[in-house]
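Q: My structure is in final.cif, and what it holds is mmCIF, C-alpha atoms:
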```
data_query
#
loop_
_atom_site.label_atom_id
_atom_site.label_comp_id
_atom_site.auth_asym_id
_atom_site.auth_seq_id
_atom_site.Cartn_x
_atom_site.Cartn_y
_atom_site.Cartn_z
CA MET A 7 29.18 -7.60 139.03
CA LYS A 8 27.83 -10.81 137.54
CA LEU A 9 30.13 -10.23 134.59
CA PHE A 10 33.14 -9.95 136.89
CA SER A 11 32.29 -13.11 138.80
CA MET A 12 31.84 -14.93 135.47
CA LEU A 13 35.23 -13.67 134.40
CA ASN A 14 36.81 -14.76 137.67
CA ARG A 15 35.48 -18.28 137.27
CA MET A 16 37.10 -18.64 133.86
CA ASN A 17 40.51 -20.20 133.47
CA ARG A 18 43.49 -18.02 132.77
CA LYS A 19 43.59 -18.74 129.03
CA LYS A 20 39.98 -17.66 128.56
CA GLN A 21 40.51 -14.57 130.68
CA THR A 22 43.59 -13.64 128.63
CA ALA A 23 41.60 -14.08 125.42
CA ILE A 24 38.92 -11.72 126.72
CA PHE A 25 41.53 -9.18 127.85
CA LEU A 26 43.14 -9.28 124.42
CA ILE A 27 39.76 -8.69 122.77
CA ILE A 28 39.20 -5.62 124.98
CA ILE A 29 42.70 -4.32 124.16
CA ALA A 30 42.16 -4.92 120.45
CA ALA A 31 38.84 -3.07 120.61
CA ALA A 32 40.45 -0.07 122.27
CA ILE A 33 43.38 0.02 119.86
CA GLY A 34 41.01 -0.54 116.95
CA TRP A 35 38.83 2.34 118.05
CA LYS A 36 41.73 4.67 118.79
CA THR A 37 43.34 4.09 115.40
CA SER A 38 40.14 3.85 113.38
CA PRO A 39 38.67 6.33 110.92
CA TYR A 40 35.98 6.97 113.56
CA ASN A 41 38.79 8.57 115.51
CA ARG A 42 40.11 10.39 112.43
CA GLU A 43 43.08 8.09 111.90
CA TYR A 44 43.48 6.37 108.57
CA SER A 45 45.46 3.67 106.86
CA SER A 46 47.04 5.81 104.11
CA PRO A 47 47.32 9.37 102.75
CA GLU A 48 44.72 8.38 100.14
CA ALA A 49 42.30 7.43 102.89
CA VAL A 50 42.92 10.80 104.56
CA LEU A 51 42.17 12.49 101.23
CA TYR A 52 38.82 10.70 100.84
CA ALA A 53 37.86 11.36 104.47
CA CYS A 54 38.75 15.02 104.14
CA GLU A 55 36.78 15.38 100.91
CA LYS A 56 33.75 13.84 102.57
CA GLY A 57 34.14 16.17 105.54
CA LEU A 58 34.47 19.18 103.26
CA ARG A 59 31.48 17.95 101.28
CA TYR A 60 33.01 17.59 97.83
CA GLY A 61 34.26 14.70 95.76
CA PRO A 62 35.10 11.92 96.09
CA SER A 63 38.05 12.14 93.74
CA GLU A 64 37.56 10.21 90.56
CA LYS A 65 41.16 9.08 90.72
CA ILE A 66 44.30 9.64 92.74
CA GLU A 67 46.75 11.50 90.53
CA TYR A 68 49.73 11.54 92.83
CA VAL A 69 50.84 10.56 96.29
CA ARG A 70 54.16 11.64 97.69
CA LYS A 71 55.45 10.32 100.97
CA ASN A 72 58.36 12.12 102.50
CA GLY A 73 59.25 10.71 105.89
CA ASN A 74 56.25 11.21 108.12
CA LYS A 75 54.65 13.70 105.76
CA ALA A 76 52.64 12.98 102.67
CA VAL A 77 50.47 14.72 100.17
CA ALA A 78 47.74 13.03 98.17
CA ILE A 79 46.32 14.67 95.08
CA GLY A 80 43.06 13.56 93.57
CA ARG A 81 41.19 14.59 90.48
CA VAL A 82 37.76 15.89 91.22
CA LYS A 83 35.20 17.70 89.06
CA GLY A 84 37.82 18.90 86.61
CA GLY A 85 39.90 20.32 89.42
CA LEU A 86 42.25 18.96 91.98
CA SER A 87 41.89 17.85 95.52
CA ILE A 88 45.10 18.39 97.48
CA ILE A 89 45.27 16.99 100.98
CA PRO A 90 48.44 16.85 103.06
CA SER A 91 48.70 14.27 105.81
CA GLU A 92 51.18 13.09 108.40
CA ARG A 93 51.99 9.71 109.86
CA LYS A 94 51.79 8.89 113.53
CA TRP A 95 54.63 6.91 115.10
CA TYR A 96 52.49 3.76 114.97
CA GLY A 97 51.89 4.06 111.26
CA ARG A 98 48.41 5.58 111.04
CA TRP A 99 47.80 8.69 108.97
CA ILE A 100 46.05 11.86 110.06
CA LEU A 101 45.30 15.18 108.42
CA ALA A 102 48.35 17.44 108.56
CA GLY A 103 48.14 20.43 110.84
CA GLY A 104 47.74 23.92 109.43
CA GLY A 105 45.80 24.93 106.36
CA ILE A 106 45.10 22.62 103.47
CA PRO A 107 44.54 23.50 99.81
CA GLY A 108 41.51 21.19 99.56
CA TYR A 109 39.57 21.62 96.35
CA VAL A 110 41.47 23.60 93.71
CA GLN A 111 39.01 24.62 91.07
CA VAL A 112 40.07 25.24 87.49
CA GLU A 113 38.40 28.40 86.30
CA ASN A 114 40.72 29.74 83.65
CA ASN A 115 41.89 26.83 81.53
CA ALA A 116 44.70 26.03 83.88
CA GLU A 117 45.20 26.16 87.59
CA TYR A 118 48.01 25.25 89.91
CA ASP A 119 48.86 25.09 93.53
CA PHE A 120 52.26 25.50 95.07
CA GLY A 121 53.36 24.07 98.35
CA ASP A 122 55.33 21.38 100.07
CA ASN A 123 58.07 21.66 97.44
CA ILE A 124 55.79 20.75 94.57
CA ILE A 125 53.72 22.56 92.02
CA VAL A 126 50.71 20.65 90.81
CA GLY A 127 48.10 21.74 88.40
CA VAL A 128 45.59 20.83 85.81
CA CYS A 129 44.97 22.25 82.34
CA THR A 130 41.49 22.01 80.94
CA TYR A 131 42.55 23.63 77.69
CA ASP A 132 43.42 20.64 75.50
CA GLU A 133 46.00 22.51 73.44
CA ILE A 134 48.33 22.86 76.41
CA LYS A 135 50.87 20.05 76.23
CA SER A 136 53.54 21.48 78.48
CA VAL A 137 53.82 24.21 81.05
CA GLU A 138 56.50 26.49 82.35
CA VAL A 139 56.37 27.84 85.85
CA VAL A 140 58.44 30.85 86.84
CA LEU A 141 59.40 31.09 90.46
CA GLY A 142 60.45 34.31 92.03
CA VAL A 143 60.57 36.48 95.08
CA TYR A 144 58.99 39.83 95.71
CA ASP A 145 61.57 42.50 95.07
CA GLU A 146 60.85 46.20 95.36
CA LYS A 147 63.88 47.11 93.27
CA SER A 148 62.63 45.22 90.21
CA ASP A 149 60.42 46.97 87.67
CA ASN A 150 57.46 44.69 88.16
CA GLY A 151 58.05 44.07 91.85
CA VAL A 152 59.30 40.52 91.46
CA LYS A 153 62.64 38.93 90.82
CA GLU A 154 62.70 35.69 88.89
CA VAL A 155 64.62 32.90 90.59
CA GLU A 156 64.13 29.87 88.45
CA LYS A 157 61.98 28.37 85.69
CA TYR A 158 60.63 24.86 85.69
CA LYS A 159 59.06 22.95 82.82
CA ALA A 160 56.75 19.98 82.91
CA ASP A 161 54.77 17.93 80.42
CA VAL A 162 51.03 17.86 80.76
CA ALA A 163 49.42 14.42 80.91
CA GLN A 164 46.51 13.52 78.66
CA ASP A 165 44.03 14.27 81.40
CA GLY A 166 45.60 17.72 81.91
CA PHE A 167 47.48 16.92 85.08
CA PHE A 168 51.03 18.12 85.62
CA ILE A 169 53.44 18.13 88.50
CA ILE A 170 56.83 19.66 89.19
CA GLU A 171 58.72 18.28 92.14
CA ASN A 172 61.68 19.37 94.27
CA ILE A 173 60.85 23.03 94.18
CA PRO A 174 62.70 25.21 96.66
CA GLU A 175 60.41 27.15 98.96
CA ARG A 176 62.91 29.78 99.93
CA ASP A 177 65.45 31.78 98.03
CA THR A 178 68.81 32.03 99.73
CA THR A 179 70.88 33.31 96.83
CA ASP A 180 71.40 36.63 98.61
CA ASP A 181 72.29 36.85 102.25
CA SER A 182 68.62 37.13 103.14
CA VAL A 183 66.02 34.37 102.96
CA PHE A 184 62.85 35.02 100.96
CA ASP A 185 59.76 32.93 100.42
CA ILE A 186 59.47 31.83 96.84
CA HIS A 187 56.27 32.41 94.90
CA VAL A 188 55.01 31.42 91.51
CA VAL A 189 55.37 34.64 89.53
CA GLY A 190 54.62 33.33 86.09
CA PHE A 191 52.84 30.44 84.46
CA GLU A 192 52.76 29.63 80.78
CA GLY A 193 51.19 26.84 78.73
CA PHE A 194 52.55 25.64 75.39
CA ASP A 195 51.05 23.63 72.56
CA GLU A 196 52.75 20.64 70.97
CA ASN A 197 54.79 22.94 68.72
CA GLY A 198 56.09 24.87 71.67
CA ASN A 199 53.95 27.93 71.03
CA SER A 200 52.68 29.76 74.04
CA VAL A 201 48.90 29.42 74.21
CA TYR A 202 48.17 30.51 77.72
CA SER A 203 49.88 32.52 80.39
CA THR A 204 49.25 34.21 83.64
CA SER A 205 51.37 35.91 86.22
CA VAL A 206 51.00 37.62 89.52
CA TYR A 207 52.04 41.00 88.21
CA LYS A 208 49.45 40.94 85.46
CA THR A 209 46.04 41.42 86.89
CA GLU A 210 44.23 39.57 84.13
CA VAL A 211 44.62 36.08 82.89
CA TYR A 212 44.97 36.38 79.14
CA TRP A 213 45.08 34.18 76.12
CA GLU A 214 47.61 34.01 73.35
CA SER A 215 46.78 32.24 70.17
CA MET B 17 49.78 -20.83 162.50
CA PHE B 18 51.54 -23.83 160.97
CA SER B 19 54.52 -25.73 162.26
CA PRO B 20 58.04 -24.77 161.13
CA GLU B 21 58.04 -27.99 159.05
CA GLY B 22 54.87 -26.90 157.34
CA LYS B 23 56.26 -23.45 156.60
CA GLU B 24 59.51 -24.94 155.36
CA PHE B 25 57.53 -27.26 153.10
CA THR B 26 55.49 -24.49 151.54
CA ASP B 27 58.56 -22.27 151.11
CA LYS B 28 60.32 -25.11 149.32
CA VAL B 29 57.34 -25.62 147.01
CA LEU B 30 57.03 -21.91 146.32
CA LYS B 31 60.66 -21.63 145.26
CA HIS B 32 59.67 -23.53 142.12
CA ILE B 33 56.77 -21.21 141.25
CA LYS B 34 58.26 -18.76 138.83
CA PHE B 35 55.21 -16.53 138.40
CA PRO B 36 55.38 -14.43 141.59
CA TYR B 37 51.77 -13.23 141.51
CA ASP B 38 50.53 -16.83 141.98
CA ARG B 39 52.70 -17.64 145.00
CA ASN B 40 50.28 -16.34 147.59
CA ALA B 41 47.40 -18.28 146.09
CA VAL B 42 49.52 -21.46 145.98
CA ARG B 43 50.65 -20.95 149.55
CA GLN B 44 47.07 -20.53 150.69
CA GLU B 45 46.02 -23.62 148.78
CA LEU B 46 48.80 -25.76 150.28
CA GLU B 47 48.13 -24.53 153.79
CA GLU B 48 44.43 -25.22 153.47
CA HIS B 49 45.19 -28.72 152.21
CA MET B 50 47.57 -29.42 155.07
CA GLU B 51 45.05 -27.97 157.49
CA ASP B 52 42.38 -30.38 156.20
CA ILE B 53 44.71 -33.36 156.63
CA CYS B 54 45.69 -32.12 160.04
CA ASP B 55 42.03 -31.81 161.09
CA ASP B 56 41.32 -35.35 159.88
CA LEU B 57 44.23 -36.71 161.84
CA THR B 58 43.24 -34.78 164.95
CA GLU B 59 39.75 -36.20 164.68
CA LYS B 60 41.30 -39.66 164.51
CA GLY B 61 43.01 -39.04 167.82
CA TYR B 62 46.43 -37.69 166.92
CA GLY B 63 47.83 -34.81 168.93
CA ARG B 64 48.08 -31.44 167.22
CA GLU B 65 51.85 -31.42 166.82
CA GLU B 66 51.94 -34.99 165.55
CA ALA B 67 49.06 -34.27 163.15
CA GLU B 68 50.87 -31.23 161.77
CA ARG B 69 54.08 -33.18 161.26
CA LEU B 70 52.24 -36.05 159.56
CA SER B 71 50.22 -33.73 157.33
CA VAL B 72 53.48 -32.35 155.93
CA GLN B 73 54.70 -35.88 155.32
CA TYR B 74 51.45 -36.83 153.60
CA MET B 75 51.84 -33.90 151.23
CA GLY B 76 54.76 -35.66 149.54
CA ASP B 77 57.98 -34.38 148.00
CA ALA B 78 58.08 -30.57 148.05
CA ASP B 79 60.35 -30.25 145.01
CA GLU B 80 58.22 -32.54 142.89
CA ILE B 81 55.03 -30.75 143.90
CA GLY B 82 56.74 -27.42 143.23
CA ARG B 83 57.75 -28.46 139.73
CA GLU B 84 54.25 -29.72 138.94
CA LEU B 85 52.63 -26.60 140.31
CA ASN B 86 55.01 -24.43 138.29
CA LYS B 87 53.85 -26.25 135.16
CA ALA B 88 50.23 -25.65 136.13
CA HIS B 89 50.95 -22.00 136.89
CA ASN B 90 52.86 -21.46 133.65
CA PRO B 91 54.93 -18.29 134.15
CA ILE B 92 54.76 -17.28 130.47
CA LEU B 93 50.99 -17.54 130.39
CA GLY B 94 50.98 -15.93 133.81
CA TRP B 95 52.87 -12.89 132.68
CA ILE B 96 50.76 -12.60 129.50
CA TRP B 97 47.65 -12.84 131.63
CA TYR B 98 48.94 -10.31 134.14
CA ILE B 99 50.06 -7.72 131.59
CA SER B 100 47.00 -8.21 129.40
CA ARG B 101 44.81 -7.78 132.47
CA LEU B 102 46.43 -4.44 133.30
CA ALA B 103 46.25 -3.32 129.68
CA ALA B 104 42.62 -4.45 129.44
CA ILE B 105 41.72 -2.38 132.50
CA ILE B 106 43.30 0.70 130.89
CA ALA B 107 41.68 -0.13 127.54
CA ALA B 108 38.27 -0.63 129.12
CA ALA B 109 38.61 2.64 131.01
CA PHE B 110 39.57 4.40 127.76
CA LEU B 111 36.61 2.91 125.87
CA ILE B 112 34.13 3.69 128.61
CA THR B 113 35.43 7.24 129.06
CA THR B 114 35.50 7.92 125.32
CA ALA B 115 32.02 6.53 124.79
CA GLY B 116 30.73 8.34 127.85
CA VAL B 117 32.25 11.69 126.99
CA ARG B 118 31.19 11.50 123.36
CA GLY B 119 27.72 10.33 124.15
CA PHE B 120 27.27 12.95 126.83
CA SER B 121 28.62 15.79 124.67
CA TYR B 122 26.28 14.77 121.85
CA MET B 123 23.26 14.55 124.09
CA LYS B 124 24.08 17.83 125.81
CA ALA B 125 24.73 19.61 122.53
CA TYR B 126 21.69 18.18 120.76
CA PHE B 127 19.09 18.61 123.45
CA GLY B 128 20.56 21.64 125.15
CA ASN B 129 20.11 25.16 123.84
CA GLY B 130 23.35 25.86 122.02
CA TYR B 131 22.18 29.23 120.74
CA GLU B 132 23.09 32.52 122.33
CA ASP B 133 20.32 34.93 123.18
CA TYR B 134 20.11 38.06 121.06
CA LYS B 135 20.47 41.04 123.33
CA ASN B 136 19.94 44.05 121.07
CA GLY B 137 16.22 43.75 120.58
CA GLU B 138 12.96 42.28 121.81
CA LEU B 139 11.58 39.24 120.05
CA LEU B 140 8.65 40.05 117.80
CA TYR B 141 8.12 36.66 116.26
CA SER B 142 9.73 33.31 115.77
CA ALA B 143 8.98 30.62 113.22
CA ASP B 144 10.19 27.05 113.24
CA SER B 145 11.31 25.29 110.13
CA GLY B 146 11.83 21.62 110.89
CA TYR B 147 13.80 21.29 107.66
CA GLU B 148 16.46 18.61 107.88
CA THR B 149 18.71 17.14 105.24
CA LEU B 150 21.84 15.07 104.90
CA ILE B 151 24.82 16.55 103.03
CA TYR B 152 27.37 13.79 102.54
CA ASP B 153 27.54 12.51 106.13
CA MET B 154 26.56 15.77 107.79
CA HIS B 155 23.08 16.43 109.09
CA LEU B 156 21.80 19.95 108.62
CA LYS B 157 18.75 21.10 110.50
CA ILE B 158 17.36 24.57 110.02
CA ASP B 159 15.67 25.23 113.32
CA GLY B 160 13.97 28.46 112.30
CA VAL B 161 14.05 32.21 112.37
CA ARG B 162 13.52 34.87 115.03
CA TYR B 163 12.72 38.48 114.34
CA TYR B 164 13.52 41.32 116.71
CA ASP B 165 12.16 44.82 117.09
CA ASP B 166 15.44 46.38 115.98
CA GLY B 167 14.80 44.96 112.51
CA THR B 168 17.19 42.03 112.83
CA LEU B 169 16.30 38.60 111.57
CA GLU B 170 18.13 35.70 113.17
CA LEU B 171 18.48 32.38 111.37
CA ARG B 172 19.27 29.37 113.52
CA TYR B 173 20.58 26.08 112.21
CA LYS B 174 22.64 23.22 113.49
CA THR B 175 24.88 20.59 111.95
CA TRP B 176 26.19 17.31 113.26
CA LYS B 177 27.59 14.00 112.20
CA SER B 178 26.74 10.54 113.42
CA LEU B 179 28.82 9.05 116.24
CA PHE B 180 30.33 6.66 113.71
CA SER B 181 31.16 9.15 111.02
CA ASP B 182 34.53 8.38 109.45
CA SER B 183 35.12 11.72 107.76
CA ILE B 184 37.25 14.59 108.98
CA ASP B 185 35.34 17.34 110.75
CA TRP B 186 34.99 20.72 109.10
CA THR B 187 32.56 23.39 110.06
CA PHE B 188 29.73 24.16 107.70
CA ASN B 189 28.56 27.66 106.94
CA LEU B 190 25.68 28.91 104.87
CA ASN B 191 27.17 31.54 102.62
CA GLY B 192 26.31 33.89 99.81
CA GLU B 193 22.87 34.65 98.43
CA PHE B 194 20.86 31.95 100.05
CA LEU B 195 18.10 33.86 101.80
CA THR B 196 15.24 35.50 99.93
CA ASP B 197 11.66 36.43 100.56
CA GLU B 198 8.48 35.58 98.64
CA ASN B 199 9.18 38.43 96.21
CA GLY B 200 12.68 37.30 95.40
CA ASN B 201 14.45 39.99 97.40
CA LYS B 202 17.88 38.84 98.52
CA TYR B 203 19.29 39.37 101.98
CA TYR B 204 22.82 39.09 103.28
CA PHE B 205 23.78 38.39 106.86
CA SER B 206 26.05 40.87 108.59
CA THR B 207 27.21 38.81 111.54
CA GLY B 208 27.06 35.26 112.73
CA ASN B 209 28.53 32.75 115.08
CA SER B 210 28.97 29.02 115.51
CA ASN B 211 29.76 27.23 118.76
CA GLY B 212 31.89 24.58 117.02
CA ASN B 213 30.61 21.72 119.17
CA LYS B 214 29.95 18.19 117.94
CA VAL B 215 26.44 19.41 117.35
CA CYS B 216 27.34 22.80 115.96
CA HIS B 217 24.77 25.54 116.56
CA SER B 218 25.04 28.45 114.15
CA GLN B 219 23.27 31.81 114.14
CA LEU B 220 23.23 34.33 111.32
CA PHE B 221 21.92 37.85 111.73
CA PHE B 222 20.34 39.87 108.92
CA GLU B 223 20.09 43.54 109.82
CA ASP B 224 17.37 45.85 108.48
CA PHE B 225 15.17 42.95 107.52
CA PRO B 226 11.67 44.10 106.58
CA GLN B 227 8.93 43.23 109.01
CA ASP B 228 6.27 42.59 106.39
CA VAL B 229 7.95 39.58 104.78
CA LYS B 230 5.51 36.69 104.60
CA THR B 231 7.78 33.83 103.66
CA ILE B 232 11.47 33.40 104.23
CA ILE B 233 13.09 31.18 101.63
CA ILE B 234 16.44 29.51 102.08
CA ASP B 235 17.79 28.16 98.84
CA THR B 236 21.36 27.23 98.16
CA ASP B 237 23.52 24.59 96.60
CA VAL B 238 26.23 22.65 98.39
CA ASN B 239 28.38 20.94 95.77
CA GLY B 240 25.42 19.98 93.66
CA GLN B 241 23.02 19.25 96.49
CA ASN B 242 20.12 21.65 96.76
CA ILE B 243 18.96 22.98 100.11
CA HIS B 244 15.52 24.48 99.88
CA CYS B 245 13.40 25.49 102.80
CA GLU B 246 10.44 27.87 103.07
CA ILE B 247 9.52 29.31 106.42
CA PRO B 248 6.14 31.03 106.60
CA VAL B 249 6.21 33.99 108.93
CA PRO B 250 3.31 33.99 111.44
CA GLU B 251 0.54 36.29 110.21
CA VAL B 252 -0.16 37.77 113.60
CA ASN B 253 3.35 39.10 113.79
CA ASN B 254 3.13 41.00 110.53
CA LYS B 255 0.73 43.51 111.97
#
```
Spell out the structure here as structure tokens.
A:
Amino acid sequence: MKLFSMLNRMNRKKQTAIFLIIIAAAIGWKTSPYNREYSSPEAVLYACEKGLRYGPSEKIEYVRKNGNKAVAIGRVKGGLSIIPSERKWYGRWILAGGGIPGYVQVENNAEYDFGDNIIVGVCTYDEIKSVEVVLGVYDEKSDNGVKEVEKYKADVAQDGFFIIENIPERDTTDDSVFDIHVVGFEGFDENGNSVYSTSVYKTEVYWES
Amino acid sequence: MFSPEGKEFTDKVLKHIKFPYDRNAVRQELEEHMEDICDDLTEKGYGREEAERLSVQYMGDADEIGRELNKAHNPILGWIWYISRLAAIIAAAFLITTAGVRGFSYMKAYFGNGYEDYKNGELLYSADSGYETLIYDMHLKIDGVRYYDDGTLELRYKTWKSLFSDSIDWTFNLNGEFLTDENGNKYYFSTGNSNGNKVCHSQLFFEDFPQDVKTIIIDTDVNGQNIHCEIPVPEVNNK
């Protein structure tokens, strides 16, 4: 009560200043990391890594903003950290709803993750200088159960990172709509020789020398 | 209570006050002032009606006073003050509610018993651990174990973050081969549950757990951080 009577005795300018401080505090709290709202997709990535108890990423490899959606990809412990986020109408970023890839560990010389119209990956085998990703749909009529839709190539950066953008997520070539999957993945050396490959219809990841 | 001249005077002044929420206060102030003058004049021997008329005259030019008062009661500042006051009330209510709800839920979850009672067996022994560690910004406290006569061992632990944690919340689960005994035998839990609260209480149940185990060892690695805790089983309960 004493506080209120003090406030009432103040002139209007001082009262307004105090009101603005209270408003700023509330907005600050509401939009702060303490309330799980962040300044950028990168900040969401770091906060998510901390919450999932890995990282932090040694560096941010890639950030793609697409309207109110974004994905930030960090490099962590030889693998990747992939965290999607979305922007609120007032510009703050939060973790995107649904599942997240999180930490993608590289166990077999190369690993990739596919989603949000991109394929990202990392090769820990130094010989791999470029990769080819085969996209396809499951097809019972095909011999191996998959039908290839398209192939994409990408160069591998010195640190092993690669990214392929603008990937379709659904195949609409026939009348029906099918989800697209990665059905083949191949790594090439600088001479274009295949040195590594894996596919969904081969149960084992194998080497080619 | 005032003469028609007095009311006319105040109305004329108030027409100049652009910030409507101050008009009542200004009216009250003017009327009180005129009342004071009127009282003075009455004390000096003037009749009531004459005193009221003169008090209005003594007030001066209504338009000039109105303009001056409008400057003093700046409508722009007035509106800023008025809107900011409303917003501040909402903001203060939000802050108080948020702090209250968070604080209360933490206190309730931390001090309350967030564990569910095991219903399939009678308790044979329980042993506290007291082990507590910090993994990134998450506190992990292994409360202890409870052993039941149907051969089930229950492990109880809780996790929480500070009120000012800035990381995104994800539940934490102890997984894999993390529980052994003093002879190195490994045990795997068959069921478990977590209440998912801010202070998250988790229970894991290990069926067919031998009764003669002397020490329960929890040892695991969370992204490079070792969790190691040894819980001696009370001797009396091994009989």
Q: Do you have the CA of Phe205 in chain B-CA of Gly130 in chain B distance handy?
A: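 According to the coordinates, CA of Phe205 in chain B and CA of Gly130 in chain B are separated by 19.7 Å.
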Q: Kindly determine which residues of chain B lie within 10 Å of chain A, considering all atoms listed in the file, and give the answer as number ranges by chain.
A: B: 89, 93-94, 96-112, 114, 151-154, 177-188, 238-241
Q: Take the selection from the previous step and output its residues with C-alpha atoms, as a PDB file, in the frame of the given file.
A:
```pdb
ATOM      1  CA  HIS B  89      50.950 -22.000 136.890  1.00  0.00           C
ATOM      2  CA  LEU B  93      50.990 -17.540 130.390  1.00  0.00           C
ATOM      3  CA  GLY B  94      50.980 -15.930 133.810  1.00  0.00           C
ATOM      4  CA  ILE B  96      50.760 -12.600 129.500  1.00  0.00           C
ATOM      5  CA  TRP B  97      47.650 -12.840 131.630  1.00  0.00           C
ATOM      6  CA  TYR B  98      48.940 -10.310 134.140  1.00  0.00           C
ATOM      7  CA  ILE B  99      50.060  -7.720 131.590  1.00  0.00           C
ATOM      8  CA  SER B 100      47.000  -8.210 129.400  1.00  0.00           C
ATOM      9  CA  ARG B 101      44.810  -7.780 132.470  1.00  0.00           C
ATOM     10  CA  LEU B 102      46.430  -4.440 133.300  1.00  0.00           C
ATOM     11  CA  ALA B 103      46.250  -3.320 129.680  1.00  0.00           C
ATOM     12  CA  ALA B 104      42.620  -4.450 129.440  1.00  0.00           C
ATOM     13  CA  ILE B 105      41.720  -2.380 132.500  1.00  0.00           C
ATOM     14  CA  ILE B 106      43.300   0.700 130.890  1.00  0.00           C
ATOM     15  CA  ALA B 107      41.680  -0.130 127.540  1.00  0.00           C
ATOM     16  CA  ALA B 108      38.270  -0.630 129.120  1.00  0.00           C
ATOM     17  CA  ALA B 109      38.610   2.640 131.010  1.00  0.00           C
ATOM     18  CA  PHE B 110      39.570   4.400 127.760  1.00  0.00           C
ATOM     19  CA  LEU B 111      36.610   2.910 125.870  1.00  0.00           C
ATOM     20  CA  ILE B 112      34.130   3.690 128.610  1.00  0.00           C
ATOM     21  CA  THR B 114      35.500   7.920 125.320  1.00  0.00           C
ATOM     22  CA  ILE B 151      24.820  16.550 103.030  1.00  0.00           C
ATOM     23  CA  TYR B 152      27.370  13.790 102.540  1.00  0.00           C
ATOM     24  CA  ASP B 153      27.540  12.510 106.130  1.00  0.00           C
ATOM     25  CA  MET B 154      26.560  15.770 107.790  1.00  0.00           C
ATOM     26  CA  LYS B 177      27.590  14.000 112.200  1.00  0.00           C
ATOM     27  CA  SER B 178      26.740  10.540 113.420  1.00  0.00           C
ATOM     28  CA  LEU B 179      28.820   9.050 116.240  1.00  0.00           C
ATOM     29  CA  PHE B 180      30.330   6.660 113.710  1.00  0.00           C
ATOM     30  CA  SER B 181      31.160   9.150 111.020  1.00  0.00           C
ATOM     31  CA  ASP B 182      34.530   8.380 109.450  1.00  0.00           C
ATOM     32  CA  SER B 183      35.120  11.720 107.760  1.00  0.00           C
ATOM     33  CA  ILE B 184      37.250  14.590 108.980  1.00  0.00           C
ATOM     34  CA  ASP B 185      35.340  17.340 110.750  1.00  0.00           C
ATOM     35  CA  TRP B 186      34.990  20.720 109.100  1.00  0.00           C
ATOM     36  CA  THR B 187      32.560  23.390 110.060  1.00  0.00           C
ATOM     37  CA  PHE B 188      29.730  24.160 107.700  1.00  0.00           C
ATOM     38  CA  VAL B 238      26.230  22.650  98.390  1.00  0.00           C
ATOM     39  CA  ASN B 239      28.380  20.940  95.770  1.00  0.00           C
ATOM     40  CA  GLY B 240      25.420  19.980  93.660  1.00  0.00           C
ATOM     41  CA  GLN B 241      23.020  19.250  96.490  1.00  0.00           C
TER      42      GLN B 241
END
```
Q: Enumerate, as a ChimeraX atom specification, the residues matched when the PyMOL selection byres ((chain B and resi 140) around 10) is run on the file above.
A: /B:137-139,141-142,162-167,169,227,253-254
Q: Can you turn the PyMOL selection byres ((chain B and resi 170) around 12) into a concrete residue list for this file, as a ChimeraX atom specification?
A: /B:131-137,139-144,158-169,171-173,195,203-209,218-225,232
Q: CA of Val112 in chain A and CA of Val139 in chain A are how many Å apart?
A: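 So the two atoms, CA of Val112 in chain A and CA of Val139 in chain A, lie 16.6 Å apart.
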Q: Is there a way to get, as a PyMOL selection string, all residues within 8 Å of the point (46.9, 15.0, 95.8) in file coordinates, counting all atoms listed in the file?
A: chain A and resi 51+66-69+77-81+86-90
Q: Just give me the gap between CA of Lys202 in chain B and CA of Cys216 in chain B in Å, one decimal is fine.
A: 25.5 Å
Q: Which is closest to Gly127 in chain A among A:Phe10, A:Trp95, A:Phe184, A:Tyr109, if we use only C-alpha atoms?
A: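 Nearest to Gly127 in chain A: A:Tyr109.
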Q: If you count all atoms listed in the file, which residues fall within 8 Å of Lys135 in chain A, apart from same-chain ones fewer than 5 positions away, as a PyMOL selection string?
A: chain A and resi 161-163+193-196
Q: Excluding same-chain residues fewer than 6 positions from range 34-45 of chain B, what lies within 9 Å of it counting all atoms listed in the file, as a PyMOL selection string?
A: chain B and resi 26-27+85-86+89-92+94-95+98
Q: For the structure shown, which residues end up in the PyMOL selection byres ((chain B and resi 51-54) around 10)? Put them as a count of residues only, please?
A: 28
Q: For a quick check of understanding, using all atoms listed in the file, which of A:Lys153, A:Asp165, A:Val137, A:Thr37 has the smallest distance to Glu64 in chain A?
A: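 Residue with the minimum atom-to-atom distance to Glu64 in chain A: A:Asp165.
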